[in-house]
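Reading through the structure tokens given below for one structure.
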Amino acid sequence: MRERRSAARRLAAMLAAAAVLAWPVVLEAGQVDPQDFAQVEKGRYLAVVADCASCHTVPESGQPYAGGRAIETPFGNLVAPNITPDQGTGIGAWSDADFDAAVRKGRRPDGSRLYPAMPFDAYTKMSRDDVLAIRAYLNTVPRARNVVEANTLPFPYNVRSVMSVWDGLYFTEGEYRPDANKSAEWNRGAYLVTGPAHCPACHTPKSFLGGDKESRYLQGSPLQGWFAPNITDGNSTGLGRWSSDDVVLYLKTGHNRIDAATGPMAEVIELSSSQMTDTDLKAIAMYLKSLTEAGDAPASLDARDPRMVAGQAIYRDQCSACHGLDGDGTPQLFPSLAKSSVVLAEDPASLIRIVLRGARSAATAAEPTAPGMPSYGEQLDDAQVAAVLTFIRNGWGSGASAVSPSVVASARSHLAARPD
Amino acid sequence: MSRRLPKKDVVIIGLGWTGAIMAQELTEEGLEVVAIERGPWRDAPTDFPPTYMQDELRYRIRHELFLSPAQNTFTFRNKVNQTALPIRSWGAFMPGNGVGGAGVHWNGEIWRFLPSDFVLKSHLTQRYGAKFLPPDMSIQDWGLTYDELEPHYDRFEYLCGASGTAGNIKGTIQAGGNPFEGPRSRPYPTPAQEQPFGYQLYAKAARELGYKPFPQPSANLSTPYQNELGMRLGACTYCGFCEWFGCANYSKASPQTTVLPVLVRKPNFSARTNCEVLKINTDSSGKRATGVTFVDSSGEEWEQPAELVILAAFSLFNVQLLLHSGIGRPYDPISQKGVIGRNYTHQTISSALGFFDNKKYNFNPFIASGSIGMCIDEFNGDNFDHGPHGFVGGGYMGHVQTGARPIETTPTPPGTPKWGAAWKKAVRDNYLSTVKPGTGVHGSFYAYRDVYLDLDPTYKDRFGRPMMRMTIDLHDNELKQNRFLTDKFGEIIQAMGAREVVKQYRTAPYDITTYQTTHVNGGVIMGTDPNTSALNRYLQCWDVPNLFVTGASAFPQNAGYNPTGTVGALAYWAAAAIRNRYLKRTGMLLDA
């Protein structure tokens, strides 16, 4: 027997019910009333922008913010803690100062350090008022008794004090400082991207210690078997072919005339960006489109290259029914492979994964279809996958490195161990 | 002993086309709706992906998408005085299974019935006199008119994004469409599909014979489309694997591609799959449904109480469940009393193959969709004077070949050996140059006193209940109709330039092993008289007013068209009656 329901909607219903269960809070002098509607509503919106639920809610659990979801990092898994107002197992006993220190400084109430899977290095860009608004909102969600053992990292990463070294290297504390030479809209976009929306957490490449490589800010990074693509305005691998409207539509609906969100980004859109205001999405688009990047796109491979010939034949047989002989797809339904920046990404991890395992695109209120790509892992061998991907990366006047069968083989064995 | 689940506002039995439409409409009213589906959950990209869906052996020959007869089957006989035997492998029709139901494997032929079809008995009696009809024919008027149903046809077509050329918009005849159709309020949502060479040649021949050919209305889309719920469909690729198959190109309208993704996002909708409803429960008065009892895949029995019950299973299972639930009086062919099982019908189909010179003709017949084709409607319904012909009814006739899938598409001219080198050569010689129009003649099947459904006295199902028995044969009226239509159809195929035409008439007795469409109708028919219909004109059960029964089981008799368009329209019609009237004042919906 199976019961299907939308977790997000159920969550919303439970939040509505939660108001009457809110824990009593003692006001400090000069503090905004944390039960004030405007404060709770501001906090709710910021919690959406910051996508807190993505880590702190187990999907379909019916227990919003009760923690327990494993977060995969290159160093091992961490488990997101319970941030409901439960006194014993959540954060009900924390002071506002404790909460602020955790979110913006990466410090736990006992002074020990959080792992940066909690993106405090981004959240530090928020103001104390913003963070306390989130706190005010979290005070209104149902208390859940749920003990979470957060630290499941192997030695030596399980020693929290080693994080002082990381913090020293990569963490710069401090609120977002507006750039007086830029418009208010640009500054809003920059604040959202670098602060609560924490885009760099996935899209900026990381050093071997997991810190941001600032020189390659937002230029794409491997993530949990996917590749979070370049989202600067640079060349063909970034948002260069996207208009600002394309960016807004993608973040709002999960789909646009070129691409469809899958994998971790589909979840970000469903839980977070699809619920942001159009004004904020336009600001994000304006900011991202302002990030220019030097560098020429690679040249196309010769169409007579045997990999291209084989890849084109496979493409016609297996892919063209949906994506079209010209690679143009159907807007909002089948991605345009000829224009997609995911296709041309320097690292083909997402492409390989989508072909081997299939993928489901984002479902949003505006675009509920959530079209899926079937898995070709059984049908195509490593050399065939490599050939067809090499073809689509070079087939329509674009250029990108060839995909080698050995990379596909290693992705295949890596994916075999993944649960989804 | 069944365990009782928390009460819902609405329980829907079956999550196919009408179950999905009803769930969508009633959740919009804020009602808590649960759908209980006998088969598995099915989702387009994962359950019928283009990577392996084009597998004729798996789906056509081995029936993977259909209900297994081991789970549920029927007994069959031709005549009242015969002993029925169980059907062990589906032949004459293919009951769908799982979420989406027959809406997964249909061809997408999305027709409207003629205005005269809805008032059939009074129309024919008025035009030809009561004596013109065979004495054992039990046709009836539907209790609603085409004009009343038109807005609901329109909604279903716009849900699907149907592709076609309108023939009549608000009374004005349109060039290139079907001039016989009832008036539509607006054009089809998308233009007609492209027609490959063979279909165009058929249209040319038909025009030369004085007919007015038009493209078959299709739920395989010609262009991308977004429906009112926000669902996106793509353009059909003419792969030729519609009938018997699911479509993962998002180009065939199905519950999966038009409704279900919207429905599963709703907090007031839930579905239980792999759960078979055994019985609709009623209170001690028998006049009020209290919910349903179902069994899950572990064999556990559950009771799902509800305020409103929608029986939305496939037509035959609607009849079966009412018989097993003791709702409505079972039909008795001797006394002519009772309503459940009454006026069971099918479809009278036939074809004419055309063998062409393979040096001059290459039809590339594998380029097709399930509802490709050009049709004429001159001989449908009462579009022509039946006076001289001595029968009533008719059908559209078209070159509607749905593909050239290799196992079944091996037409060879008469005289070819059935096997060996000569057979292989004939298949090779004729594969590309034969016109094989599928259900080329799509005739009506009118109702008779001795064609009906009841419970079998001998055979039991896996729950120990009597199997449902079907008693069905072809009557002279349908055989005459078919001979007349098939001859007319053969003339068109001949006029295309065929070297040889082979007409395949429908013959009696009715053969349960030969496929004749899955358009099995009736048994829980709608009407205006509780003595001769099970449902009122809103598909509301006369005996149990909080039970509505959707689907082709409501057809008093079958017209010369595919039923799904009318099935979808009736679902929207009933949903509107529930939303606008029943929910405001529960009870029998009667017109002032």
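Labeling convention for the structure tokens: chains A, B, ... as they appear, residues from 1 per chain, ligands from 1 in order of appearance.
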Would you mind listing, for every residue of chain B within 10 Å of chain A, the two atoms forming the shortest contact and the distance between them in Å to one decimal, using only C-alpha atoms, sorted by chain and ascending residue number, as JSON lines?
{"residue": "B:Val34", "atom": "CA", "partner": "A:Glu3", "partner_atom": "CA", "distance": 9.2}
{"residue": "B:Ala35", "atom": "CA", "partner": "A:Glu3", "partner_atom": "CA", "distance": 9.8}
{"residue": "B:Ile36", "atom": "CA", "partner": "A:Met1", "partner_atom": "CA", "distance": 9.9}
{"residue": "B:Pro40", "atom": "CA", "partner": "A:Arg2", "partner_atom": "CA", "distance": 9.8}
{"residue": "B:Trp41", "atom": "CA", "partner": "A:Arg2", "partner_atom": "CA", "distance": 9.1}
{"residue": "B:Asp43", "atom": "CA", "partner": "A:Gly372", "partner_atom": "CA", "distance": 9.5}
{"residue": "B:Ala44", "atom": "CA", "partner": "A:Gly372", "partner_atom": "CA", "distance": 8.0}
{"residue": "B:Pro45", "atom": "CA", "partner": "A:Gly372", "partner_atom": "CA", "distance": 5.3}
{"residue": "B:Thr46", "atom": "CA", "partner": "A:Pro374", "partner_atom": "CA", "distance": 6.2}
{"residue": "B:Asp47", "atom": "CA", "partner": "A:Pro374", "partner_atom": "CA", "distance": 9.2}
{"residue": "B:Phe48", "atom": "CA", "partner": "A:Pro374", "partner_atom": "CA", "distance": 9.0}
{"residue": "B:Pro49", "atom": "CA", "partner": "A:Pro374", "partner_atom": "CA", "distance": 5.7}
{"residue": "B:Pro50", "atom": "CA", "partner": "A:Pro374", "partner_atom": "CA", "distance": 7.5}
{"residue": "B:Thr51", "atom": "CA", "partner": "A:Tyr376", "partner_atom": "CA", "distance": 6.9}
{"residue": "B:Tyr52", "atom": "CA", "partner": "A:Gln379", "partner_atom": "CA", "distance": 8.9}
{"residue": "B:Thr223", "atom": "CA", "partner": "A:Thr330", "partner_atom": "CA", "distance": 9.7}
{"residue": "B:Pro224", "atom": "CA", "partner": "A:Thr330", "partner_atom": "CA", "distance": 7.3}
{"residue": "B:Tyr225", "atom": "CA", "partner": "A:Leu333", "partner_atom": "CA", "distance": 9.9}
{"residue": "B:Gln226", "atom": "CA", "partner": "A:Glu367", "partner_atom": "CA", "distance": 9.5}
{"residue": "B:Leu229", "atom": "CA", "partner": "A:Pro368", "partner_atom": "CA", "distance": 8.2}
{"residue": "B:Gly230", "atom": "CA", "partner": "A:Glu367", "partner_atom": "CA", "distance": 5.9}
{"residue": "B:Met231", "atom": "CA", "partner": "A:Thr369", "partner_atom": "CA", "distance": 5.1}
{"residue": "B:Arg232", "atom": "CA", "partner": "A:Thr369", "partner_atom": "CA", "distance": 6.0}
{"residue": "B:Leu233", "atom": "CA", "partner": "A:Leu333", "partner_atom": "CA", "distance": 7.5}
{"residue": "B:Gly234", "atom": "CA", "partner": "A:Thr330", "partner_atom": "CA", "distance": 7.0}
{"residue": "B:Ala235", "atom": "CA", "partner": "A:Thr330", "partner_atom": "CA", "distance": 8.6}
{"residue": "B:Cys236", "atom": "CA", "partner": "A:Ala321", "partner_atom": "CA", "distance": 8.6}
{"residue": "B:Thr237", "atom": "CA", "partner": "A:Ala321", "partner_atom": "CA", "distance": 6.2}
{"residue": "B:Tyr238", "atom": "CA", "partner": "A:Ala321", "partner_atom": "CA", "distance": 9.4}
{"residue": "B:Cys239", "atom": "CA", "partner": "A:Ala321", "partner_atom": "CA", "distance": 8.7}
{"residue": "B:Ala248", "atom": "CA", "partner": "A:Gly372", "partner_atom": "CA", "distance": 8.7}
{"residue": "B:Asn249", "atom": "CA", "partner": "A:Cys322", "partner_atom": "CA", "distance": 6.2}
{"residue": "B:Tyr250", "atom": "CA", "partner": "A:Pro371", "partner_atom": "CA", "distance": 8.0}
{"residue": "B:Ser251", "atom": "CA", "partner": "A:Cys322", "partner_atom": "CA", "distance": 9.6}
{"residue": "B:Gln256", "atom": "CA", "partner": "A:Thr369", "partner_atom": "CA", "distance": 9.1}
{"residue": "B:Thr257", "atom": "CA", "partner": "A:Thr369", "partner_atom": "CA", "distance": 7.3}
{"residue": "B:Thr258", "atom": "CA", "partner": "A:Thr369", "partner_atom": "CA", "distance": 8.2}
{"residue": "B:Val259", "atom": "CA", "partner": "A:Thr369", "partner_atom": "CA", "distance": 8.9}
{"residue": "B:Leu260", "atom": "CA", "partner": "A:Thr369", "partner_atom": "CA", "distance": 8.9}
{"residue": "B:Pro261", "atom": "CA", "partner": "A:Thr369", "partner_atom": "CA", "distance": 6.0}
{"residue": "B:Val262", "atom": "CA", "partner": "A:Pro368", "partner_atom": "CA", "distance": 5.8}
{"residue": "B:Leu263", "atom": "CA", "partner": "A:Arg5", "partner_atom": "CA", "distance": 9.1}
{"residue": "B:Val264", "atom": "CA", "partner": "A:Arg5", "partner_atom": "CA", "distance": 5.9}
{"residue": "B:Arg265", "atom": "CA", "partner": "A:Ser6", "partner_atom": "CA", "distance": 4.9}
{"residue": "B:Lys266", "atom": "CA", "partner": "A:Ser6", "partner_atom": "CA", "distance": 6.4}
{"residue": "B:Pro267", "atom": "CA", "partner": "A:Arg9", "partner_atom": "CA", "distance": 5.7}
{"residue": "B:Asn268", "atom": "CA", "partner": "A:Arg5", "partner_atom": "CA", "distance": 8.3}
{"residue": "B:Phe269", "atom": "CA", "partner": "A:Arg5", "partner_atom": "CA", "distance": 7.0}
{"residue": "B:Ser270", "atom": "CA", "partner": "A:Arg4", "partner_atom": "CA", "distance": 5.4}
{"residue": "B:Ala271", "atom": "CA", "partner": "A:Glu3", "partner_atom": "CA", "distance": 5.5}
{"residue": "B:Arg272", "atom": "CA", "partner": "A:Arg2", "partner_atom": "CA", "distance": 5.2}
{"residue": "B:Thr273", "atom": "CA", "partner": "A:Arg2", "partner_atom": "CA", "distance": 6.1}
{"residue": "B:Asn274", "atom": "CA", "partner": "A:Met1", "partner_atom": "CA", "distance": 6.6}
{"residue": "B:Cys275", "atom": "CA", "partner": "A:Met1", "partner_atom": "CA", "distance": 6.9}
{"residue": "B:Val295", "atom": "CA", "partner": "A:Met1", "partner_atom": "CA", "distance": 9.6}
{"residue": "B:Asp296", "atom": "CA", "partner": "A:Met1", "partner_atom": "CA", "distance": 6.3}
{"residue": "B:Ser297", "atom": "CA", "partner": "A:Met1", "partner_atom": "CA", "distance": 7.1}
{"residue": "B:Ser298", "atom": "CA", "partner": "A:Met1", "partner_atom": "CA", "distance": 8.6}
C-alpha atoms of the current selection, written as a short mmCIF file (atom, residue, chain, number, x, y, z; two decimals), in the first residue's frame:
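Listing of part01.cif after writing:
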data_model
loop_
_atom_site.label_atom_id
_atom_site.label_comp_id
_atom_site.auth_asym_id
_atom_site.auth_seq_id
_atom_site.Cartn_x
_atom_site.Cartn_y
_atom_site.Cartn_z
CA VAL B 34 -8.54 9.16 -2.00
CA ALA B 35 -8.25 7.08 -5.16
CA ILE B 36 -7.98 3.31 -4.82
CA PRO B 40 0.52 -0.37 -9.89
CA TRP B 41 1.56 3.26 -9.95
CA ASP B 43 4.73 7.10 -14.51
CA ALA B 44 5.69 7.98 -18.08
CA PRO B 45 9.49 8.29 -18.06
CA THR B 46 10.12 5.41 -15.68
CA ASP B 47 7.42 2.93 -16.67
CA PHE B 48 7.33 3.38 -20.43
CA PRO B 49 10.63 4.98 -21.34
CA PRO B 50 11.56 5.32 -25.01
CA THR B 51 14.61 3.15 -24.26
CA TYR B 52 12.53 -0.02 -24.39
CA THR B 223 2.77 20.57 -31.80
CA PRO B 224 3.90 21.25 -28.22
CA TYR B 225 1.04 22.29 -25.93
CA GLN B 226 0.41 23.46 -22.38
CA LEU B 229 -3.40 22.81 -15.48
CA GLY B 230 0.05 23.86 -16.66
CA MET B 231 0.96 20.42 -17.99
CA ARG B 232 3.24 20.32 -21.04
CA LEU B 233 3.01 17.93 -23.96
CA GLY B 234 5.47 17.60 -26.83
CA ALA B 235 5.02 16.93 -30.53
CA CYS B 236 4.46 13.34 -31.64
CA THR B 237 7.39 11.70 -33.42
CA TYR B 238 5.23 9.27 -35.44
CA CYS B 239 7.08 6.29 -34.00
CA ALA B 248 7.25 8.55 -22.84
CA ASN B 249 7.71 11.26 -25.42
CA TYR B 250 5.02 13.23 -23.57
CA SER B 251 3.16 13.47 -26.88
CA GLN B 256 0.09 10.83 -16.65
CA THR B 257 0.79 13.61 -19.13
CA THR B 258 -2.23 15.84 -18.49
CA VAL B 259 -3.48 15.54 -14.88
CA LEU B 260 -1.65 13.30 -12.43
CA PRO B 261 1.50 15.39 -11.77
CA VAL B 262 -0.80 18.26 -10.77
CA LEU B 263 -2.94 15.98 -8.64
CA VAL B 264 -0.08 14.46 -6.65
CA ARG B 265 1.01 17.93 -5.56
CA LYS B 266 -2.29 18.49 -3.80
CA PRO B 267 -2.40 17.90 -0.04
CA ASN B 268 -6.05 16.81 -0.23
CA PHE B 269 -5.36 14.02 -2.71
CA SER B 270 -3.91 10.61 -2.01
CA ALA B 271 -3.85 7.33 -3.88
CA ARG B 272 -3.54 3.71 -2.85
CA THR B 273 -2.16 1.49 -5.56
CA ASN B 274 -2.15 -2.31 -5.77
CA CYS B 275 -5.38 -2.22 -3.79
CA VAL B 295 -7.81 -5.64 -0.18
CA ASP B 296 -4.13 -4.73 -0.38
CA SER B 297 -1.28 -6.73 -1.89
CA SER B 298 -0.70 -8.49 1.44
#
Report the residues of range 145-353 of chain A whose backbone DSSP state falls under helix (DSSP H, G or I), written as a ChimeraX atom specification. /A:160-170,184-194,200-203,214-216,244-253,263-271,273-275,278-289,306-323,341-344,349-353
Taking the backbone alone, and naming residues the way the document does, which bits of range 202-280 of chain B are strand (DSSP E or B) by DSSP, as JSON, numbers by chain? {"B": [214, 215, 218, 220, 225, 226, 232, 233, 239, 252, 269, 270, 271, 272, 276, 277, 278, 279, 280]}
Output for the residues just chosen: C-alpha atoms as a CSV table (one decimal), in the first residue's frame:
chain,number,residue,atom,x,y,z
B,214,PHE,CA,-10.7,14.9,-42.9
B,215,PRO,CA,-7.8,14.1,-40.5
B,218,SER,CA,-5.9,12.9,-32.4
B,220,ASN,CA,-1.1,12.5,-30.2
B,225,TYR,CA,1.0,22.3,-25.9
B,226,GLN,CA,0.4,23.5,-22.4
B,232,ARG,CA,3.2,20.3,-21.0
B,233,LEU,CA,3.0,17.9,-24.0
B,239,CYS,CA,7.1,6.3,-34.0
B,252,LYS,CA,0.2,11.2,-26.2
B,269,PHE,CA,-5.4,14.0,-2.7
B,270,SER,CA,-3.9,10.6,-2.0
B,271,ALA,CA,-3.8,7.3,-3.9
B,272,ARG,CA,-3.5,3.7,-2.9
B,276,GLU,CA,-8.5,-3.9,-5.2
B,277,VAL,CA,-11.9,-2.7,-4.2
B,278,LEU,CA,-14.1,-5.7,-3.4
B,279,LYS,CA,-17.3,-4.0,-2.6
B,280,ILE,CA,-19.1,-0.7,-2.3
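Among B:Arg585, B:Arg499, B:His324, B:Lys488, the residue with the shortest atom-to-atom distance to Asp454 in chain B, counting only C-alpha atoms, is B:His324.
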Nearby residues (only C-alpha atoms) at most 9 Å from range 345-356 of chain A, same-chain spacing under 4 positions excluded, as a count of residues only: 36
If we count only C-alpha atoms, what is near range 74-91 of chain A at a cut-off of 6 Å, once residues fewer than 3 positions away on the same chain are taken out, given as a list in words?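 Here the qualifying residues turn out to be Cys55, His56, Tyr65, Ala66, Gly67, Gly68, Arg69, Ala70, Ile71, Trp94, Asn139, Arg143, Ala144, Arg145, Asn146, Val147, Val148, Ala150, Asn151, Thr152 and Leu153 of chain A.
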Next, write the just-selected residues to a file, as an mmCIF file, in the first residue's frame, keeping N, CA and C atoms as the atom set.
data_model
loop_
_atom_site.group_PDB
_atom_site.id
_atom_site.type_symbol
_atom_site.label_atom_id
_atom_site.label_comp_id
_atom_site.auth_asym_id
_atom_site.auth_seq_id
_atom_site.Cartn_x
_atom_site.Cartn_y
_atom_site.Cartn_z
ATOM 1 N N CYS A 55 18.267 20.955 4.205
ATOM 2 C CA CYS A 55 19.093 20.077 5.032
ATOM 3 C C CYS A 55 18.391 19.664 6.328
ATOM 4 N N HIS A 56 17.605 20.561 6.882
ATOM 5 C CA HIS A 56 17.088 20.298 8.235
ATOM 6 C C HIS A 56 15.752 19.553 8.258
ATOM 7 N N TYR A 65 11.991 20.741 9.837
ATOM 8 C CA TYR A 65 13.135 21.273 10.595
ATOM 9 C C TYR A 65 13.566 20.381 11.763
ATOM 10 N N ALA A 66 13.104 19.135 11.775
ATOM 11 C CA ALA A 66 13.460 18.248 12.897
ATOM 12 C C ALA A 66 14.806 17.586 12.687
ATOM 13 N N GLY A 67 15.488 17.903 11.568
ATOM 14 C CA GLY A 67 16.833 17.376 11.343
ATOM 15 C C GLY A 67 16.833 15.913 10.961
ATOM 16 N N GLY A 68 18.047 15.352 10.896
ATOM 17 C CA GLY A 68 18.171 13.929 10.603
ATOM 18 C C GLY A 68 18.549 13.621 9.166
ATOM 19 N N ARG A 69 18.604 14.644 8.312
ATOM 20 C CA ARG A 69 18.968 14.351 6.926
ATOM 21 C C ARG A 69 20.488 14.358 6.788
ATOM 22 N N ALA A 70 21.020 13.319 6.162
ATOM 23 C CA ALA A 70 22.462 13.218 5.966
ATOM 24 C C ALA A 70 22.894 14.160 4.854
ATOM 25 N N ILE A 71 23.972 14.863 5.097
ATOM 26 C CA ILE A 71 24.527 15.770 4.089
ATOM 27 C C ILE A 71 25.875 15.213 3.672
ATOM 28 N N TRP A 94 18.224 27.513 23.291
ATOM 29 C CA TRP A 94 19.278 28.465 22.880
ATOM 30 C C TRP A 94 18.813 29.907 23.092
ATOM 31 N N ASN A 139 10.718 29.608 15.844
ATOM 32 C CA ASN A 139 9.994 29.457 17.112
ATOM 33 C C ASN A 139 8.536 29.067 16.908
ATOM 34 N N ARG A 143 7.321 21.825 17.682
ATOM 35 C CA ARG A 143 8.456 21.212 18.372
ATOM 36 C C ARG A 143 8.491 19.729 18.041
ATOM 37 N N ALA A 144 9.651 19.230 17.672
ATOM 38 C CA ALA A 144 9.786 17.800 17.402
ATOM 39 C C ALA A 144 10.879 17.234 18.292
ATOM 40 N N ARG A 145 10.544 16.181 19.002
ATOM 41 C CA ARG A 145 11.590 15.504 19.791
ATOM 42 C C ARG A 145 12.333 14.586 18.841
ATOM 43 N N ASN A 146 13.547 14.919 18.528
ATOM 44 C CA ASN A 146 14.306 14.114 17.588
ATOM 45 C C ASN A 146 15.780 14.312 17.897
ATOM 46 N N VAL A 147 16.406 13.275 18.469
ATOM 47 C CA VAL A 147 17.822 13.368 18.815
ATOM 48 C C VAL A 147 18.632 13.077 17.563
ATOM 49 N N VAL A 148 19.509 13.995 17.210
ATOM 50 C CA VAL A 148 20.323 13.810 16.008
ATOM 51 C C VAL A 148 21.790 13.773 16.405
ATOM 52 N N ALA A 150 24.945 14.585 14.988
ATOM 53 C CA ALA A 150 25.306 15.333 13.782
ATOM 54 C C ALA A 150 26.607 14.847 13.168
ATOM 55 N N ASN A 151 27.554 14.534 14.020
ATOM 56 C CA ASN A 151 28.909 14.305 13.531
ATOM 57 C C ASN A 151 29.141 12.834 13.259
ATOM 58 N N THR A 152 29.075 12.437 12.004
ATOM 59 C CA THR A 152 29.349 11.040 11.657
ATOM 60 C C THR A 152 30.572 10.968 10.744
ATOM 61 N N LEU A 153 31.420 11.993 10.860
ATOM 62 C CA LEU A 153 32.628 12.016 10.025
ATOM 63 C C LEU A 153 33.666 11.040 10.576
#
Could you pull the residues within 9 Å of range 532-540 of chain B, counting only C-alpha atoms, minus those fewer than 5 positions along the same chain, as a ChimeraX atom specification? /B:140,142-144,328-329,336-340,342,523-527,545-550,554,556,570-571,573-575,577-578,588-590
Let me see the file: selected residues, N, CA and C atoms, as a CSV table (one decimal), in the first residue's frame.
chain,number,residue,atom,x,y,z
B,140,GLN,N,-31.7,3.2,-26.5
B,140,GLN,CA,-32.4,4.2,-25.7
B,140,GLN,C,-31.7,5.6,-26.0
B,142,TRP,N,-30.0,9.0,-24.4
B,142,TRP,CA,-29.1,9.1,-23.3
B,142,TRP,C,-29.6,9.9,-22.1
B,143,GLY,N,-30.6,10.7,-22.4
B,143,GLY,CA,-31.1,11.6,-21.3
B,143,GLY,C,-30.3,12.9,-21.3
B,144,LEU,N,-29.3,13.1,-22.2
B,144,LEU,CA,-28.7,14.4,-22.3
B,144,LEU,C,-28.4,14.6,-23.8
B,328,GLY,N,-28.3,-1.9,-7.2
B,328,GLY,CA,-29.1,-1.9,-8.4
B,328,GLY,C,-29.6,-3.3,-8.7
B,329,ARG,N,-30.7,-3.4,-9.4
B,329,ARG,CA,-31.3,-4.7,-9.7
B,329,ARG,C,-30.6,-5.3,-10.9
B,336,GLN,N,-36.9,-8.9,-18.9
B,336,GLN,CA,-36.6,-7.5,-19.3
B,336,GLN,C,-36.5,-6.5,-18.1
B,337,LYS,N,-36.5,-7.1,-16.9
B,337,LYS,CA,-36.4,-6.2,-15.7
B,337,LYS,C,-35.0,-6.1,-15.2
B,338,GLY,N,-34.7,-5.1,-14.4
B,338,GLY,CA,-33.4,-4.9,-13.9
B,338,GLY,C,-32.5,-4.1,-14.8
B,339,VAL,N,-31.5,-3.5,-14.2
B,339,VAL,CA,-30.7,-2.6,-15.0
B,339,VAL,C,-29.2,-2.9,-15.0
B,340,ILE,N,-28.6,-3.5,-14.0
B,340,ILE,CA,-27.2,-3.7,-13.9
B,340,ILE,C,-26.8,-4.9,-14.9
B,342,ARG,N,-27.4,-4.4,-18.2
B,342,ARG,CA,-28.2,-4.2,-19.4
B,342,ARG,C,-27.5,-3.4,-20.5
B,523,GLY,N,-24.0,-1.6,-19.6
B,523,GLY,CA,-24.0,-2.4,-18.3
B,523,GLY,C,-24.4,-1.6,-17.1
B,524,VAL,N,-24.1,-0.3,-17.1
B,524,VAL,CA,-24.5,0.6,-16.0
B,524,VAL,C,-25.0,1.9,-16.8
B,525,ILE,N,-26.0,1.8,-17.6
B,525,ILE,CA,-26.3,2.9,-18.5
B,525,ILE,C,-27.1,4.0,-17.9
B,526,MET,N,-26.9,5.2,-18.5
B,526,MET,CA,-27.6,6.4,-18.1
B,526,MET,C,-28.9,6.5,-18.8
B,527,GLY,N,-29.8,7.3,-18.3
B,527,GLY,CA,-31.1,7.5,-18.9
B,527,GLY,C,-32.0,8.3,-18.0
B,545,PRO,N,-27.9,7.6,-4.2
B,545,PRO,CA,-27.6,8.9,-4.8
B,545,PRO,C,-26.2,9.5,-4.4
B,546,ASN,N,-25.5,8.9,-3.4
B,546,ASN,CA,-24.1,9.4,-3.2
B,546,ASN,C,-23.1,8.5,-3.9
B,547,LEU,N,-23.6,7.8,-5.0
B,547,LEU,CA,-22.7,7.0,-5.8
B,547,LEU,C,-22.8,7.5,-7.3
B,548,PHE,N,-21.7,7.8,-7.9
B,548,PHE,CA,-21.7,8.2,-9.3
B,548,PHE,C,-20.8,7.2,-10.0
B,549,VAL,N,-21.2,6.8,-11.3
B,549,VAL,CA,-20.5,5.8,-12.0
B,549,VAL,C,-20.1,6.4,-13.4
B,550,THR,N,-18.8,6.6,-13.6
B,550,THR,CA,-18.3,7.2,-14.8
B,550,THR,C,-17.8,6.1,-15.8
B,554,ALA,N,-21.7,3.7,-19.0
B,554,ALA,CA,-22.9,4.5,-19.0
B,554,ALA,C,-23.5,4.6,-20.4
B,556,PRO,N,-25.7,4.0,-23.4
B,556,PRO,CA,-26.9,3.1,-23.6
B,556,PRO,C,-26.7,2.2,-24.8
B,570,LEU,N,-18.2,13.1,-20.5
B,570,LEU,CA,-19.2,12.7,-19.5
B,570,LEU,C,-18.6,12.8,-18.1
B,571,ALA,N,-17.3,12.6,-17.9
B,571,ALA,CA,-16.7,12.8,-16.6
B,571,ALA,C,-16.8,14.2,-16.2
B,573,TRP,N,-18.9,16.4,-17.3
B,573,TRP,CA,-20.3,16.7,-17.2
B,573,TRP,C,-20.8,16.3,-15.8
B,574,ALA,N,-20.4,15.1,-15.4
B,574,ALA,CA,-20.9,14.6,-14.0
B,574,ALA,C,-20.2,15.4,-12.9
B,575,ALA,N,-18.9,15.8,-13.2
B,575,ALA,CA,-18.1,16.5,-12.2
B,575,ALA,C,-18.8,17.9,-12.0
B,577,ALA,N,-21.9,18.7,-12.4
B,577,ALA,CA,-23.1,18.5,-11.7
B,577,ALA,C,-22.9,18.3,-10.2
B,578,ILE,N,-21.8,17.6,-9.9
B,578,ILE,CA,-21.5,17.4,-8.5
B,578,ILE,C,-21.0,18.7,-7.8
B,588,MET,N,-30.7,13.2,-4.7
B,588,MET,CA,-30.9,12.9,-6.2
B,588,MET,C,-31.0,14.2,-7.0
B,589,LEU,N,-30.2,14.2,-8.0
B,589,LEU,CA,-30.2,15.4,-8.9
B,589,LEU,C,-31.3,15.2,-9.9
B,590,LEU,N,-32.3,16.0,-9.8
B,590,LEU,CA,-33.5,16.0,-10.7
B,590,LEU,C,-33.6,17.3,-11.3
Leaving out range 295-300 of chain A and any residue of its chain fewer than 3 positions from it, which residues lie within 12 Å of it when counting only C-alpha atoms, given as a PyMOL selection string? chain A and resi 219+233-238+240+292+303-305+308+341+344-346+390-402
